[in-house]
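K.L.:
So I've got this file, target.pdb, and it contains PDB, C-alpha atoms, pLDDT in the B column:
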ATOM      1  CA  MET A1024      94.132 146.429 126.670  1.00 75.00           C
ATOM      2  CA  GLN A1025      96.009 148.760 124.359  1.00 76.00           C
ATOM      3  CA  THR A1026      98.509 147.575 121.759  1.00 82.00           C
ATOM      4  CA  ASN A1027     101.021 149.863 120.120  1.00 92.00           C
ATOM      5  CA  LEU A1028     101.327 148.980 116.442  1.00 94.00           C
ATOM      6  CA  LEU A1029     104.024 150.352 114.177  1.00 96.00           C
ATOM      7  CA  LEU A1030     103.597 149.809 110.416  1.00 96.00           C
ATOM      8  CA  LEU A1031     106.681 150.676 108.416  1.00 96.00           C
ATOM      9  CA  ASP A1032     107.409 151.100 104.760  1.00 95.00           C
ATOM     10  CA  LEU A1033     110.604 149.117 104.265  1.00 96.00           C
ATOM     11  CA  ASP A1034     112.517 150.196 101.154  1.00 95.00           C
ATOM     12  CA  GLY A1035     114.510 153.336 101.826  1.00 95.00           C
ATOM     13  CA  THR A1036     113.012 153.652 105.296  1.00 95.00           C
ATOM     14  CA  VAL A1037     114.189 150.554 107.154  1.00 97.00           C
ATOM     15  CA  ARG A1038     116.385 148.777 104.613  1.00 98.00           C
ATOM     16  CA  ARG A1039     118.449 149.622 101.558  1.00 98.00           C
ATOM     17  CA  CYS A1040     120.544 147.931  98.918  1.00 97.00           C
ATOM     18  CA  ARG A1041     123.972 147.290 100.444  1.00 97.00           C
ATOM     19  CA  SER A1042     125.938 147.475  97.158  1.00 97.00           C
ATOM     20  CA  ASP A1043     124.163 150.634  95.936  1.00 97.00           C
ATOM     21  CA  PRO A1044     122.111 152.463  98.587  1.00 94.00           C
ATOM     22  CA  LYS A1045     120.202 154.387  95.900  1.00 93.00           C
ATOM     23  CA  ALA A1046     119.131 151.236  94.012  1.00 93.00           C
ATOM     24  CA  PHE A1047     116.280 148.834  94.659  1.00 91.00           C
ATOM     25  CA  ILE A1048     117.053 145.497  96.279  1.00 94.00           C
ATOM     26  CA  ASN A1049     117.004 142.881  93.507  1.00 91.00           C
ATOM     27  CA  ILE A1050     119.209 140.249  95.158  1.00 94.00           C
ATOM     28  CA  PRO A1051     117.747 139.161  98.516  1.00 96.00           C
ATOM     29  CA  ASP A1052     120.981 139.165 100.505  1.00 96.00           C
ATOM     30  CA  ASP A1053     122.205 142.478  99.034  1.00 97.00           C
ATOM     31  CA  GLN A1054     120.484 144.496 101.751  1.00 98.00           C
ATOM     32  CA  GLU A1055     121.223 146.167 105.032  1.00 98.00           C
ATOM     33  CA  ILE A1056     119.223 147.832 107.758  1.00 98.00           C
ATOM     34  CA  ILE A1057     119.628 151.614 107.787  1.00 98.00           C
ATOM     35  CA  PRO A1058     121.455 152.478 111.046  1.00 97.00           C
ATOM     36  CA  ASP A1059     118.963 155.107 112.275  1.00 97.00           C
ATOM     37  CA  ALA A1060     116.134 152.685 111.546  1.00 97.00           C
ATOM     38  CA  ALA A1061     117.820 150.029 113.687  1.00 97.00           C
ATOM     39  CA  VAL A1062     117.852 152.476 116.602  1.00 98.00           C
ATOM     40  CA  ALA A1063     114.166 153.305 116.098  1.00 97.00           C
ATOM     41  CA  LEU A1064     113.227 149.616 115.867  1.00 98.00           C
ATOM     42  CA  GLU A1065     114.954 148.959 119.182  1.00 97.00           C
ATOM     43  CA  ARG A1066     113.195 151.902 120.783  1.00 97.00           C
ATOM     44  CA  PHE A1067     109.736 150.766 119.672  1.00 96.00           C
ATOM     45  CA  ALA A1068     110.432 147.140 120.567  1.00 97.00           C
ATOM     46  CA  SER A1069     111.511 148.220 124.052  1.00 96.00           C
ATOM     47  CA  ILE A1070     108.041 149.652 124.728  1.00 94.00           C
ATOM     48  CA  GLY A1071     106.368 146.468 123.517  1.00 95.00           C
ATOM     49  CA  ALA A1072     105.182 147.717 120.138  1.00 96.00           C
ATOM     50  CA  VAL A1073     104.101 145.204 117.541  1.00 97.00           C
ATOM     51  CA  ILE A1074     106.209 146.060 114.483  1.00 98.00           C
ATOM     52  CA  ALA A1075     105.237 145.092 110.941  1.00 98.00           C
ATOM     53  CA  GLY A1076     106.673 146.026 107.576  1.00 97.00           C
ATOM     54  CA  CYS A1077     104.807 146.864 104.371  1.00 94.00           C
ATOM     55  CA  SER A1078     106.325 146.846 100.927  1.00 92.00           C
ATOM     56  CA  ASN A1079     105.175 147.364  97.364  1.00 88.00           C
ATOM     57  CA  GLN A1080     107.189 144.844  95.356  1.00 89.00           C
ATOM     58  CA  ALA A1081     106.598 146.073  91.819  1.00 86.00           C
ATOM     59  CA  GLY A1082     109.944 144.525  90.850  1.00 88.00           C
ATOM     60  CA  VAL A1083     108.182 141.160  90.745  1.00 88.00           C
ATOM     61  CA  ALA A1084     105.628 142.349  88.183  1.00 85.00           C
ATOM     62  CA  ALA A1085     108.394 144.110  86.221  1.00 87.00           C
ATOM     63  CA  GLY A1086     110.484 140.926  86.091  1.00 89.00           C
ATOM     64  CA  TYR A1087     113.444 142.187  88.138  1.00 91.00           C
ATOM     65  CA  LYS A1088     112.921 139.457  90.718  1.00 92.00           C
ATOM     66  CA  THR A1089     110.812 136.349  91.187  1.00 92.00           C
ATOM     67  CA  ILE A1090     108.167 135.902  93.854  1.00 91.00           C
ATOM     68  CA  GLY A1091     110.565 133.429  95.518  1.00 94.00           C
ATOM     69  CA  GLU A1092     113.342 136.028  95.622  1.00 95.00           C
ATOM     70  CA  CYS A1093     110.851 138.522  97.015  1.00 94.00           C
ATOM     71  CA  ILE A1094     109.909 136.133  99.810  1.00 95.00           C
ATOM     72  CA  ASP A1095     113.605 135.458 100.507  1.00 97.00           C
ATOM     73  CA  GLU A1096     114.175 139.227 100.688  1.00 97.00           C
ATOM     74  CA  GLN A1097     111.513 139.578 103.387  1.00 97.00           C
ATOM     75  CA  ILE A1098     112.903 136.627 105.356  1.00 97.00           C
ATOM     76  CA  ILE A1099     116.385 138.161 105.301  1.00 98.00           C
ATOM     77  CA  THR A1100     114.980 141.525 106.402  1.00 98.00           C
ATOM     78  CA  MET A1101     113.348 139.824 109.384  1.00 98.00           C
ATOM     79  CA  ARG A1102     116.651 138.127 110.260  1.00 98.00           C
ATOM     80  CA  LEU A1103     118.496 141.450 110.066  1.00 98.00           C
ATOM     81  CA  ALA A1104     115.785 143.232 112.067  1.00 98.00           C
ATOM     82  CA  PRO A1105     114.251 140.633 114.403  1.00 98.00           C
ATOM     83  CA  GLN A1106     112.042 143.316 115.964  1.00 98.00           C
ATOM     84  CA  ILE A1107     109.877 143.143 112.820  1.00 98.00           C
ATOM     85  CA  GLN A1108     107.253 140.512 113.526  1.00 97.00           C
ATOM     86  CA  ALA A1109     105.584 140.365 110.100  1.00 97.00           C
ATOM     87  CA  ILE A1110     106.021 141.743 106.607  1.00 96.00           C
ATOM     88  CA  PHE A1111     103.161 142.277 104.183  1.00 94.00           C
ATOM     89  CA  PHE A1112     103.936 142.898 100.542  1.00 92.00           C
ATOM     90  CA  SER A1113     102.146 143.280  97.270  1.00 88.00           C
ATOM     91  CA  PRO A1114     103.872 142.002  94.131  1.00 83.00           C
ATOM     92  CA  ASP A1115     101.007 143.220  91.936  1.00 72.00           C
ATOM     93  CA  SER A1116     101.362 140.350  89.480  1.00 56.00           C
ATOM     94  CA  ASP A1117      98.948 137.786  88.109  1.00 58.00           C
ATOM     95  CA  GLY A1118      96.144 139.113  90.270  1.00 57.00           C
ATOM     96  CA  ALA A1119      98.049 138.419  93.516  1.00 53.00           C
ATOM     97  CA  ARG A1120      97.736 141.500  95.668  1.00 53.00           C
ATOM     98  CA  CYS A1121      98.903 140.784  99.189  1.00 52.00           C
ATOM     99  CA  PHE A1122     100.958 138.220 101.091  1.00 49.00           C
TER     100      PHE A1122
END
Spell out the structure here as structure tokens.
P.N.:
Amino acid sequence: MQTNLLLLDLDGTVRRCRSDPKAFINIPDDQEIIPDAAVALERFASIGAVIAGCSNQAGVAAGYKTIGECIDEQIITMRLAPQIQAIFFSPDSDGARCF
């Protein structure tokens, strides 16, 4: 059995900061799905692809957001783009590498 898997970088590819599209997302609900990405997500979901997001969250290590805000950000992304079945991120702080 073959499974189609799509791994996506999220920031600037699938989602962006709603208040300033050129900025990083530092407030979890200040995000939106990029319109062309929404179309692509639908297309891949329609063929049964498993879709997962990947994100380097250096803003946690830099102190721009907490790990809790980072988790909230991923949850909101999955609500905005329900085709994404999982998100893996690396905050690169205190030895924690992947969630």
K.L.:
Kindly indicate which residue among A:Val1083, A:Ala1046, A:Ala1109, A:Asp1115 lies nearest to A:Leu1031, using all atoms listed in the file for the distances.
P.N.:
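With all atoms listed in the file as the atom set, the closest residue is A:Ala1109.
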K.L.:
Could you write out as a PyMOL selection string the residues that the PyMOL selection byres ((chain A and resi 1103-1107) around 9) matches in the shown file?
P.N.:
chain A and resi 1037+1055-1056+1061+1064-1065+1067-1068+1073-1076+1098-1102+1108-1110
K.L.:
I need the chosen residues saved as an mmCIF file, in the frame of the given file, with C-alpha atoms.
P.N.:
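New file again-v1.cif:
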data_model
loop_
_atom_site.group_PDB
_atom_site.id
_atom_site.type_symbol
_atom_site.label_atom_id
_atom_site.label_comp_id
_atom_site.auth_asym_id
_atom_site.auth_seq_id
_atom_site.Cartn_x
_atom_site.Cartn_y
_atom_site.Cartn_z
ATOM 1 C CA VAL A 1037 114.189 150.554 107.154
ATOM 2 C CA GLU A 1055 121.223 146.167 105.032
ATOM 3 C CA ILE A 1056 119.223 147.832 107.758
ATOM 4 C CA ALA A 1061 117.820 150.029 113.687
ATOM 5 C CA LEU A 1064 113.227 149.616 115.867
ATOM 6 C CA GLU A 1065 114.954 148.959 119.182
ATOM 7 C CA PHE A 1067 109.736 150.766 119.672
ATOM 8 C CA ALA A 1068 110.432 147.140 120.567
ATOM 9 C CA VAL A 1073 104.101 145.204 117.541
ATOM 10 C CA ILE A 1074 106.209 146.060 114.483
ATOM 11 C CA ALA A 1075 105.237 145.092 110.941
ATOM 12 C CA GLY A 1076 106.673 146.026 107.576
ATOM 13 C CA ILE A 1098 112.903 136.627 105.356
ATOM 14 C CA ILE A 1099 116.385 138.161 105.301
ATOM 15 C CA THR A 1100 114.980 141.525 106.402
ATOM 16 C CA MET A 1101 113.348 139.824 109.384
ATOM 17 C CA ARG A 1102 116.651 138.127 110.260
ATOM 18 C CA GLN A 1108 107.253 140.512 113.526
ATOM 19 C CA ALA A 1109 105.584 140.365 110.100
ATOM 20 C CA ILE A 1110 106.021 141.743 106.607
#
K.L.:
Expressed in Å to a single decimal, how great is the separation between atom CA of A:Gln1054 and atom CA of A:Ala1072?
P.N.:
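Computing the Euclidean distance for atom CA of A:Gln1054 and atom CA of A:Ala1072 yields 24.1 Å.
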K.L.:
Would you mind telling me which residue in A:Pro1051, A:Pro1114, A:Ala1063, A:Arg1038 lies nearest to A:Gly1086 when using all atoms listed in the file?
P.N.:
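That would be A:Pro1114, the residue with the smallest distance to A:Gly1086.
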K.L.:
Starting from the PyMOL selection byres ((chain A and resi 1078) around 8), expand the selection into actual residues of this file and give them as a count of residues only.
P.N.:
11
K.L.:
In Å, rounded to a single decimal, give me how far atom CA of A:Leu1029 is from atom CA of A:Arg1066.
P.N.:
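Distance between the two atoms: 11.4 Å.
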K.L.:
One decimal, Å: what's the distance from atom CA of A:Gln1097 over to atom CA of A:Cys1040, could you say?
P.N.:
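Computed distance, atom CA of A:Gln1097 to atom CA of A:Cys1040, equals 13.1 Å.
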